[in-house]
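See below for my_file_39.txt, which holds compact mmCIF, N, CA, C and O atoms.
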# COMPACT_ATOMS: atom_id res chain seq x y z
N ASP A 23 0.85 -1.18 0.00
CA ASP A 23 0.00 0.00 0.00
C ASP A 23 0.90 1.24 0.00
O ASP A 23 1.58 1.51 0.99
N PRO A 24 0.90 2.01 -1.08
CA PRO A 24 1.79 3.17 -1.17
C PRO A 24 1.45 4.28 -0.17
O PRO A 24 2.26 5.18 0.05
N TYR A 25 0.27 4.21 0.43
CA TYR A 25 -0.15 5.25 1.37
C TYR A 25 -0.10 4.78 2.82
O TYR A 25 -0.53 5.49 3.72
N ARG A 26 0.44 3.62 3.04
CA ARG A 26 0.52 3.03 4.38
C ARG A 26 1.48 3.83 5.26
O ARG A 26 2.58 4.19 4.84
N ILE A 27 1.04 4.09 6.46
CA ILE A 27 1.90 4.71 7.47
C ILE A 27 1.88 3.78 8.69
O ILE A 27 0.82 3.48 9.23
N SER A 28 3.07 3.31 9.07
CA SER A 28 3.16 2.36 10.19
C SER A 28 2.90 3.07 11.51
O SER A 28 2.90 4.30 11.58
N LYS A 29 2.73 2.27 12.55
CA LYS A 29 2.52 2.85 13.89
C LYS A 29 3.73 3.65 14.35
O LYS A 29 3.61 4.53 15.19
N ASN A 30 4.90 3.37 13.77
CA ASN A 30 6.12 4.10 14.12
C ASN A 30 6.37 5.29 13.20
O ASN A 30 7.35 6.00 13.37
N GLY A 31 5.51 5.47 12.18
CA GLY A 31 5.62 6.62 11.30
C GLY A 31 6.31 6.36 9.97
O GLY A 31 6.50 7.28 9.19
N ALA A 32 6.68 5.10 9.70
CA ALA A 32 7.29 4.76 8.41
C ALA A 32 6.22 4.86 7.32
O ALA A 32 5.09 4.45 7.52
N VAL A 33 6.61 5.38 6.16
CA VAL A 33 5.65 5.75 5.13
C VAL A 33 5.89 5.00 3.81
O VAL A 33 7.02 4.82 3.38
N GLY A 34 4.78 4.58 3.19
CA GLY A 34 4.81 4.09 1.82
C GLY A 34 5.31 2.68 1.62
O GLY A 34 5.45 1.90 2.56
N LEU A 35 5.56 2.37 0.35
CA LEU A 35 5.95 1.02 -0.06
C LEU A 35 7.23 0.54 0.61
O LEU A 35 7.34 -0.61 1.00
N MET A 36 8.21 1.41 0.73
CA MET A 36 9.50 1.04 1.31
C MET A 36 9.57 1.35 2.81
O MET A 36 10.60 1.14 3.43
N GLN A 37 8.47 1.89 3.35
CA GLN A 37 8.39 2.22 4.77
C GLN A 37 9.55 3.12 5.21
O GLN A 37 10.37 2.78 6.06
N ILE A 38 9.60 4.28 4.59
CA ILE A 38 10.64 5.28 4.85
C ILE A 38 10.21 6.17 6.02
O ILE A 38 9.10 6.69 6.03
N MET A 39 11.10 6.33 6.97
CA MET A 39 10.83 7.23 8.10
C MET A 39 10.99 8.68 7.62
O MET A 39 11.83 8.97 6.75
N PRO A 40 10.19 9.60 8.16
CA PRO A 40 10.29 11.00 7.75
C PRO A 40 11.71 11.57 7.87
O PRO A 40 12.16 12.30 6.98
N ALA A 41 12.42 11.25 8.94
CA ALA A 41 13.79 11.76 9.11
C ALA A 41 14.72 11.23 8.01
O ALA A 41 15.60 11.94 7.53
N THR A 42 14.50 9.98 7.60
CA THR A 42 15.30 9.40 6.53
C THR A 42 14.99 10.10 5.21
O THR A 42 15.90 10.41 4.43
N ALA A 43 13.71 10.37 4.97
CA ALA A 43 13.33 11.10 3.75
C ALA A 43 13.99 12.48 3.73
O ALA A 43 14.53 12.90 2.70
N ASP A 44 13.99 13.16 4.87
CA ASP A 44 14.65 14.47 4.95
C ASP A 44 16.13 14.34 4.66
O ASP A 44 16.70 15.14 3.90
N PHE A 45 16.78 13.35 5.26
CA PHE A 45 18.21 13.10 5.07
C PHE A 45 18.53 12.89 3.59
O PHE A 45 19.54 13.36 3.08
N LEU A 46 17.63 12.18 2.89
CA LEU A 46 17.84 11.87 1.48
C LEU A 46 17.36 12.97 0.53
O LEU A 46 17.58 12.90 -0.67
N GLY A 47 16.67 13.97 1.08
CA GLY A 47 16.16 15.06 0.25
C GLY A 47 14.90 14.71 -0.52
O GLY A 47 14.59 15.33 -1.53
N VAL A 48 14.18 13.70 -0.04
CA VAL A 48 12.93 13.26 -0.68
C VAL A 48 11.78 14.00 -0.02
O VAL A 48 11.60 13.93 1.19
N THR A 49 10.99 14.70 -0.83
CA THR A 49 9.92 15.52 -0.26
C THR A 49 8.55 14.86 -0.27
O THR A 49 7.70 15.22 0.53
N ASN A 50 8.31 13.90 -1.17
CA ASN A 50 6.99 13.29 -1.26
C ASN A 50 7.09 11.77 -1.16
O ASN A 50 7.01 11.07 -2.16
N VAL A 51 7.24 11.26 0.06
CA VAL A 51 7.40 9.81 0.23
C VAL A 51 6.10 9.06 -0.02
O VAL A 51 6.11 7.84 -0.11
N LEU A 52 4.98 9.75 -0.13
CA LEU A 52 3.73 9.08 -0.48
C LEU A 52 3.62 8.79 -1.97
O LEU A 52 2.80 8.00 -2.39
N ASN A 53 4.46 9.43 -2.77
CA ASN A 53 4.53 9.14 -4.20
C ASN A 53 5.31 7.82 -4.34
O ASN A 53 6.46 7.75 -3.92
N PRO A 54 4.69 6.77 -4.91
CA PRO A 54 5.35 5.47 -4.98
C PRO A 54 6.73 5.51 -5.63
O PRO A 54 7.68 4.88 -5.15
N GLU A 55 6.88 6.26 -6.72
CA GLU A 55 8.18 6.32 -7.40
C GLU A 55 9.24 6.97 -6.50
O GLU A 55 10.35 6.46 -6.37
N ASP A 56 8.88 8.07 -5.86
CA ASP A 56 9.81 8.74 -4.95
C ASP A 56 10.13 7.87 -3.75
O ASP A 56 11.26 7.85 -3.26
N ASN A 57 9.14 7.15 -3.26
CA ASN A 57 9.32 6.28 -2.10
C ASN A 57 10.30 5.15 -2.42
O ASN A 57 11.21 4.86 -1.64
N ILE A 58 10.14 4.52 -3.57
CA ILE A 58 11.04 3.43 -3.96
C ILE A 58 12.45 3.98 -4.19
O ILE A 58 13.44 3.37 -3.75
N LYS A 59 12.56 5.13 -4.84
CA LYS A 59 13.87 5.74 -5.04
C LYS A 59 14.54 6.03 -3.70
O LYS A 59 15.74 5.81 -3.53
N ALA A 60 13.76 6.54 -2.75
CA ALA A 60 14.30 6.82 -1.42
C ALA A 60 14.79 5.54 -0.76
O ALA A 60 15.88 5.51 -0.16
N GLY A 61 14.02 4.46 -0.87
CA GLY A 61 14.43 3.19 -0.30
C GLY A 61 15.72 2.68 -0.90
O GLY A 61 16.63 2.24 -0.18
N VAL A 62 15.84 2.77 -2.20
CA VAL A 62 17.05 2.31 -2.89
C VAL A 62 18.25 3.19 -2.51
O VAL A 62 19.34 2.69 -2.24
N MET A 63 18.04 4.50 -2.46
CA MET A 63 19.14 5.40 -2.06
C MET A 63 19.59 5.10 -0.63
O MET A 63 20.79 5.09 -0.35
N TYR A 64 18.62 4.84 0.25
CA TYR A 64 18.96 4.58 1.64
C TYR A 64 19.71 3.27 1.80
O TYR A 64 20.72 3.19 2.51
N ILE A 65 19.25 2.23 1.12
CA ILE A 65 19.95 0.94 1.19
C ILE A 65 21.38 1.11 0.65
O ILE A 65 22.34 0.61 1.26
N ALA A 66 21.54 1.82 -0.45
CA ALA A 66 22.87 2.06 -1.02
C ALA A 66 23.75 2.80 -0.02
O ALA A 66 24.93 2.48 0.15
N TRP A 67 23.20 3.79 0.65
CA TRP A 67 23.96 4.55 1.64
C TRP A 67 24.39 3.64 2.80
O TRP A 67 25.54 3.69 3.24
N LEU A 68 23.46 2.81 3.28
CA LEU A 68 23.78 1.91 4.39
C LEU A 68 24.90 0.94 4.02
O LEU A 68 25.83 0.72 4.80
N VAL A 69 24.80 0.36 2.83
CA VAL A 69 25.81 -0.61 2.38
C VAL A 69 27.18 0.06 2.24
O VAL A 69 28.21 -0.55 2.51
N LYS A 70 27.17 1.32 1.84
CA LYS A 70 28.43 2.05 1.69
C LYS A 70 29.08 2.34 3.05
O LYS A 70 30.30 2.39 3.16
N HIS A 71 28.26 2.54 4.08
CA HIS A 71 28.77 2.98 5.38
C HIS A 71 28.89 1.88 6.44
O HIS A 71 29.53 2.09 7.47
N TYR A 72 28.26 0.75 6.20
CA TYR A 72 28.26 -0.33 7.19
C TYR A 72 28.56 -1.65 6.51
O TYR A 72 28.37 -1.79 5.30
N ASP A 73 28.96 -2.65 7.31
CA ASP A 73 29.08 -3.98 6.74
C ASP A 73 27.67 -4.52 6.49
O ASP A 73 26.67 -3.92 6.89
N GLU A 74 27.60 -5.66 5.82
CA GLU A 74 26.33 -6.21 5.36
C GLU A 74 25.32 -6.42 6.50
O GLU A 74 24.17 -6.01 6.40
N GLU A 75 25.75 -7.03 7.60
CA GLU A 75 24.83 -7.30 8.70
C GLU A 75 24.35 -6.01 9.35
O GLU A 75 23.16 -5.85 9.63
N TYR A 76 25.25 -5.05 9.56
CA TYR A 76 24.84 -3.78 10.15
C TYR A 76 23.91 -3.00 9.23
O TYR A 76 22.98 -2.34 9.69
N ALA A 77 24.16 -3.08 7.92
CA ALA A 77 23.28 -2.40 6.97
C ALA A 77 21.87 -2.98 7.04
O ALA A 77 20.88 -2.24 7.06
N LEU A 78 21.77 -4.31 7.12
CA LEU A 78 20.46 -4.95 7.24
C LEU A 78 19.81 -4.59 8.57
O LEU A 78 18.60 -4.36 8.65
N TRP A 79 20.60 -4.55 9.62
CA TRP A 79 20.11 -4.18 10.95
C TRP A 79 19.52 -2.77 10.91
O TRP A 79 18.40 -2.53 11.35
N ALA A 80 20.29 -1.82 10.37
CA ALA A 80 19.83 -0.44 10.31
C ALA A 80 18.60 -0.29 9.43
O ALA A 80 17.68 0.46 9.75
N TRP A 81 18.56 -1.05 8.31
CA TRP A 81 17.40 -0.98 7.43
C TRP A 81 16.14 -1.48 8.15
O TRP A 81 15.10 -0.86 8.10
N ASN A 82 16.26 -2.59 8.85
CA ASN A 82 15.09 -3.21 9.46
C ASN A 82 14.67 -2.55 10.76
O ASN A 82 13.48 -2.32 10.98
N ALA A 83 15.61 -2.23 11.61
CA ALA A 83 15.27 -1.71 12.95
C ALA A 83 15.41 -0.20 13.06
O ALA A 83 14.87 0.40 13.96
N GLY A 84 16.17 0.37 12.14
CA GLY A 84 16.42 1.81 12.20
C GLY A 84 17.79 2.08 12.79
O GLY A 84 18.26 1.34 13.65
N PRO A 85 18.42 3.16 12.34
CA PRO A 85 19.77 3.46 12.80
C PRO A 85 19.85 3.76 14.29
O PRO A 85 20.88 3.57 14.91
N GLY A 86 18.76 4.20 14.88
CA GLY A 86 18.76 4.45 16.33
C GLY A 86 19.02 3.18 17.12
O GLY A 86 19.75 3.20 18.11
N LYS A 87 18.44 2.07 16.69
CA LYS A 87 18.67 0.79 17.36
C LYS A 87 20.11 0.34 17.18
O LYS A 87 20.71 -0.24 18.06
N LEU A 88 20.67 0.65 16.02
CA LEU A 88 22.07 0.31 15.74
C LEU A 88 22.98 1.10 16.68
O LEU A 88 23.89 0.54 17.30
N GLU A 89 22.70 2.39 16.81
CA GLU A 89 23.51 3.24 17.68
C GLU A 89 23.38 2.82 19.14
O GLU A 89 24.34 2.91 19.91
N ASP A 90 22.19 2.37 19.54
CA ASP A 90 21.96 1.91 20.92
C ASP A 90 22.45 0.49 21.14
O ASP A 90 22.41 0.00 22.25
N ASN A 91 22.89 -0.16 20.05
CA ASN A 91 23.35 -1.55 20.10
C ASN A 91 22.25 -2.49 20.61
O ASN A 91 22.51 -3.41 21.39
N LYS A 92 21.01 -2.22 20.19
CA LYS A 92 19.86 -3.03 20.58
C LYS A 92 19.23 -3.63 19.33
O LYS A 92 18.63 -2.92 18.54
N MET A 93 19.37 -4.95 19.17
CA MET A 93 18.79 -5.61 18.01
C MET A 93 17.52 -6.36 18.41
O MET A 93 17.58 -7.31 19.17
N PRO A 94 16.37 -5.92 17.88
CA PRO A 94 15.12 -6.63 18.16
C PRO A 94 15.16 -8.06 17.60
O PRO A 94 15.85 -8.33 16.61
N LYS A 95 14.40 -8.96 18.23
CA LYS A 95 14.34 -10.35 17.76
C LYS A 95 13.89 -10.42 16.31
O LYS A 95 14.39 -11.22 15.53
N GLU A 96 12.92 -9.59 15.94
CA GLU A 96 12.43 -9.56 14.55
C GLU A 96 13.57 -9.25 13.59
O GLU A 96 13.67 -9.82 12.50
N THR A 97 14.45 -8.34 13.98
CA THR A 97 15.58 -7.96 13.13
C THR A 97 16.57 -9.11 12.99
O THR A 97 17.11 -9.34 11.90
N LYS A 98 16.80 -9.84 14.07
CA LYS A 98 17.70 -11.00 14.00
C LYS A 98 17.16 -12.00 12.97
O LYS A 98 17.91 -12.51 12.14
N ARG A 99 15.85 -12.26 13.02
CA ARG A 99 15.23 -13.18 12.05
C ARG A 99 15.33 -12.62 10.64
O ARG A 99 15.59 -13.35 9.69
N PHE A 100 15.10 -11.32 10.49
CA PHE A 100 15.17 -10.66 9.19
C PHE A 100 16.56 -10.84 8.57
O PHE A 100 16.69 -11.21 7.39
N ILE A 101 17.60 -10.59 9.36
CA ILE A 101 18.97 -10.71 8.85
C ILE A 101 19.26 -12.14 8.41
O ILE A 101 19.79 -12.38 7.33
N VAL A 102 18.89 -13.11 9.24
CA VAL A 102 19.09 -14.53 8.90
C VAL A 102 18.35 -14.86 7.60
O VAL A 102 18.91 -15.51 6.71
N ASP A 103 17.11 -14.40 7.48
CA ASP A 103 16.32 -14.70 6.29
C ASP A 103 16.94 -14.09 5.03
O ASP A 103 17.04 -14.74 4.00
N VAL A 104 17.35 -12.83 5.11
CA VAL A 104 17.94 -12.16 3.95
C VAL A 104 19.24 -12.84 3.54
O VAL A 104 19.47 -13.10 2.35
N LEU A 105 20.09 -13.14 4.51
CA LEU A 105 21.36 -13.78 4.18
C LEU A 105 21.15 -15.20 3.66
O LEU A 105 21.91 -15.66 2.80
N SER A 106 20.10 -15.88 4.13
CA SER A 106 19.78 -17.21 3.60
C SER A 106 19.35 -17.13 2.14
O SER A 106 19.77 -17.95 1.32
N VAL A 107 18.54 -16.15 1.81
CA VAL A 107 18.11 -15.96 0.41
C VAL A 107 19.33 -15.63 -0.45
O VAL A 107 19.49 -16.15 -1.55
N LYS A 108 20.21 -14.78 0.06
CA LYS A 108 21.42 -14.43 -0.69
C LYS A 108 22.25 -15.68 -0.96
O LYS A 108 22.71 -15.90 -2.09
N THR A 109 22.44 -16.51 0.05
CA THR A 109 23.21 -17.74 -0.11
C THR A 109 22.55 -18.67 -1.11
O THR A 109 23.21 -19.25 -1.98
N PHE A 110 21.23 -18.78 -1.03
CA PHE A 110 20.49 -19.62 -1.97
C PHE A 110 20.68 -19.13 -3.40
O PHE A 110 20.95 -19.90 -4.31
N LEU A 111 20.54 -17.83 -3.60
CA LEU A 111 20.68 -17.27 -4.95
C LEU A 111 22.09 -17.45 -5.49
O LEU A 111 22.26 -17.73 -6.67
N LYS A 112 23.07 -17.28 -4.63
CA LYS A 112 24.45 -17.51 -5.08
C LYS A 112 24.66 -18.97 -5.48
O LYS A 112 25.30 -19.27 -6.48
N GLY A 113 24.10 -19.89 -4.68
CA GLY A 113 24.21 -21.31 -4.96
C GLY A 113 23.48 -21.72 -6.23
O GLY A 113 23.86 -22.66 -6.92
N ALA A 114 22.44 -20.99 -6.57
CA ALA A 114 21.66 -21.28 -7.77
C ALA A 114 22.31 -20.68 -9.01
O ALA A 114 21.77 -20.79 -10.10
N GLY A 115 23.46 -20.04 -8.82
CA GLY A 115 24.16 -19.45 -9.96
C GLY A 115 23.51 -18.17 -10.45
O GLY A 115 23.67 -17.79 -11.60
N SER A 116 22.77 -17.50 -9.58
CA SER A 116 22.08 -16.28 -9.98
C SER A 116 23.08 -15.15 -10.24
O SER A 116 24.05 -14.98 -9.52
N ASN A 117 22.81 -14.39 -11.26
CA ASN A 117 23.60 -13.19 -11.54
C ASN A 117 23.06 -11.98 -10.80
O ASN A 117 23.54 -10.87 -11.00
N LEU A 118 22.04 -12.19 -9.95
CA LEU A 118 21.44 -11.07 -9.24
C LEU A 118 22.28 -10.63 -8.05
O LEU A 118 22.14 -9.53 -7.57
N ILE A 119 23.13 -11.50 -7.55
CA ILE A 119 23.91 -11.21 -6.35
C ILE A 119 25.34 -10.89 -6.73
O ILE A 119 25.95 -11.50 -7.53
Do you think you could lay out the structure here as structure tokens?
Amino acid sequence: DPYRISKNGAVGLMQIMPATADFLGVTNVLNPEDNIKAGVMYIAWLVKHYDEEYALWAWNAGPGKLEDNKMPKETKRFIVDVLSVKTFLKGAGSNLI
């Protein structure tokens, strides 16, 4: 749902927080195209500044949790799931990874 706003304030398809949108210079996160672009820019920024696990942690839980060194259980499962899919795709000879 491109107009979804989570209970924590994350907006749109990529669930971008308002502060993250401001950081990225995105003004209309309810616009699906802008929202997806913001998500891709943010993921690229995280990967550039953190190792893979920390980037996934910050994406899923938010950079505040990373700074507080508090990883929610949901985030631990998310990281395991994402890395499992990555391993599977690499094993399948995918050119996507």
For this session: Going by DSSP on the backbone, which bits of chain A are helix (DSSP H, G or I)? Write them as a PyMOL selection string, please.
Result: chain A and resi 40-46+54-71+74-83+85-89+95-113
Using the file's own x, y and z axes, what box holds all listed atoms of range 32-43 of chain A with 4 Å on each side, keeping edges along x, y and z, and what are its centre and edge lengths in Å to one decimal, as AutoDock Vina command-line options?
--center_x 10.3 --center_y 6.1 --center_z 4.8 --size_x 19.1 --size_y 21.5 --size_z 17.8
For this session: Could you tell me how far atom N of Tyr25 in chain A lies from atom C of Asp56 in chain A, in Å and to one decimal?
Result: 11.3 Å
Exercise. Using only N, CA, C and O atoms, which residue out of A:Ile101, A:Met39, A:Ile27, A:Leu111 lies closest to Glu74 in chain A?
Worked result: A:Ile101
Name the residues in contact with Asp23 in chain A at a cut-off of 7 Å, using all atoms listed in the file, excluding same-chain residues fewer than 6 positions from it; report them as an mmCIF file with N, CA, C and O atoms, in the frame of the given file.
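Below is the file result_23.cif, written as the result:
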data_model
loop_
_atom_site.group_PDB
_atom_site.id
_atom_site.type_symbol
_atom_site.label_atom_id
_atom_site.label_comp_id
_atom_site.auth_asym_id
_atom_site.auth_seq_id
_atom_site.Cartn_x
_atom_site.Cartn_y
_atom_site.Cartn_z
ATOM 1 N N VAL A 33 6.610 5.380 6.160
ATOM 2 C CA VAL A 33 5.650 5.750 5.130
ATOM 3 C C VAL A 33 5.890 5.000 3.810
ATOM 4 O O VAL A 33 7.020 4.820 3.380
ATOM 5 N N GLY A 34 4.780 4.580 3.190
ATOM 6 C CA GLY A 34 4.810 4.090 1.820
ATOM 7 C C GLY A 34 5.310 2.680 1.620
ATOM 8 O O GLY A 34 5.450 1.900 2.560
ATOM 9 N N LEU A 35 5.560 2.370 0.350
ATOM 10 C CA LEU A 35 5.950 1.020 -0.060
ATOM 11 C C LEU A 35 7.230 0.540 0.610
ATOM 12 O O LEU A 35 7.340 -0.610 1.000
ATOM 13 N N MET A 36 8.210 1.410 0.730
ATOM 14 C CA MET A 36 9.500 1.040 1.310
ATOM 15 C C MET A 36 9.570 1.350 2.810
ATOM 16 O O MET A 36 10.600 1.140 3.430
#
Problem set entry | One-decimal distance in Å that lies between atom C of Ala77 in chain A and CA of Ser28 in chain A | 19.7 Å
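What separates atom N of Pro24 in chain A from atom O of Leu52 in chain A is a distance of 6.4 Å.
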For this session: Find the spatial neighbours of Gly61 in chain A, counting only C-alpha atoms, within a cut-off of 7 Å - ignore same-chain residues fewer than 4 positions away - and output them as a ChimeraX atom specification.
Result: /A:36,38,57,65
Generate a file for range 52-72 of chain A, containing N, CA, C and O atoms, as a compact mmCIF listing (two decimals), in the first residue's frame.
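File produced: selection_6.txt:
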# COMPACT_ATOMS: atom_id res chain seq x y z
N LEU A 52 4.98 9.75 -0.13
CA LEU A 52 3.73 9.08 -0.48
C LEU A 52 3.62 8.79 -1.97
O LEU A 52 2.80 8.00 -2.39
N ASN A 53 4.46 9.43 -2.77
CA ASN A 53 4.53 9.14 -4.20
C ASN A 53 5.31 7.82 -4.34
O ASN A 53 6.46 7.75 -3.92
N PRO A 54 4.69 6.77 -4.91
CA PRO A 54 5.35 5.47 -4.98
C PRO A 54 6.73 5.51 -5.63
O PRO A 54 7.68 4.88 -5.15
N GLU A 55 6.88 6.26 -6.72
CA GLU A 55 8.18 6.32 -7.40
C GLU A 55 9.24 6.97 -6.50
O GLU A 55 10.35 6.46 -6.37
N ASP A 56 8.88 8.07 -5.86
CA ASP A 56 9.81 8.74 -4.95
C ASP A 56 10.13 7.87 -3.75
O ASP A 56 11.26 7.85 -3.26
N ASN A 57 9.14 7.15 -3.26
CA ASN A 57 9.32 6.28 -2.10
C ASN A 57 10.30 5.15 -2.42
O ASN A 57 11.21 4.86 -1.64
N ILE A 58 10.14 4.52 -3.57
CA ILE A 58 11.04 3.43 -3.96
C ILE A 58 12.45 3.98 -4.19
O ILE A 58 13.44 3.37 -3.75
N LYS A 59 12.56 5.13 -4.84
CA LYS A 59 13.87 5.74 -5.04
C LYS A 59 14.54 6.03 -3.70
O LYS A 59 15.74 5.81 -3.53
N ALA A 60 13.76 6.54 -2.75
CA ALA A 60 14.30 6.82 -1.42
C ALA A 60 14.79 5.54 -0.76
O ALA A 60 15.88 5.51 -0.16
N GLY A 61 14.02 4.46 -0.87
CA GLY A 61 14.43 3.19 -0.30
C GLY A 61 15.72 2.68 -0.90
O GLY A 61 16.63 2.24 -0.18
N VAL A 62 15.84 2.77 -2.20
CA VAL A 62 17.05 2.31 -2.89
C VAL A 62 18.25 3.19 -2.51
O VAL A 62 19.34 2.69 -2.24
N MET A 63 18.04 4.50 -2.46
CA MET A 63 19.14 5.40 -2.06
C MET A 63 19.59 5.10 -0.63
O MET A 63 20.79 5.09 -0.35
N TYR A 64 18.62 4.84 0.25
CA TYR A 64 18.96 4.58 1.64
C TYR A 64 19.71 3.27 1.80
O TYR A 64 20.72 3.19 2.51
N ILE A 65 19.25 2.23 1.12
CA ILE A 65 19.95 0.94 1.19
C ILE A 65 21.38 1.11 0.65
O ILE A 65 22.34 0.61 1.26
N ALA A 66 21.54 1.82 -0.45
CA ALA A 66 22.87 2.06 -1.02
C ALA A 66 23.75 2.80 -0.02
O ALA A 66 24.93 2.48 0.15
N TRP A 67 23.20 3.79 0.65
CA TRP A 67 23.96 4.55 1.64
C TRP A 67 24.39 3.64 2.80
O TRP A 67 25.54 3.69 3.24
N LEU A 68 23.46 2.81 3.28
CA LEU A 68 23.78 1.91 4.39
C LEU A 68 24.90 0.94 4.02
O LEU A 68 25.83 0.72 4.80
N VAL A 69 24.80 0.36 2.83
CA VAL A 69 25.81 -0.61 2.38
C VAL A 69 27.18 0.06 2.24
O VAL A 69 28.21 -0.55 2.51
N LYS A 70 27.17 1.32 1.84
CA LYS A 70 28.43 2.05 1.69
C LYS A 70 29.08 2.34 3.05
O LYS A 70 30.30 2.39 3.16
N HIS A 71 28.26 2.54 4.08
CA HIS A 71 28.77 2.98 5.38
C HIS A 71 28.89 1.88 6.44
O HIS A 71 29.53 2.09 7.47
N TYR A 72 28.26 0.75 6.20
CA TYR A 72 28.26 -0.33 7.19
C TYR A 72 28.56 -1.65 6.51
O TYR A 72 28.37 -1.79 5.30
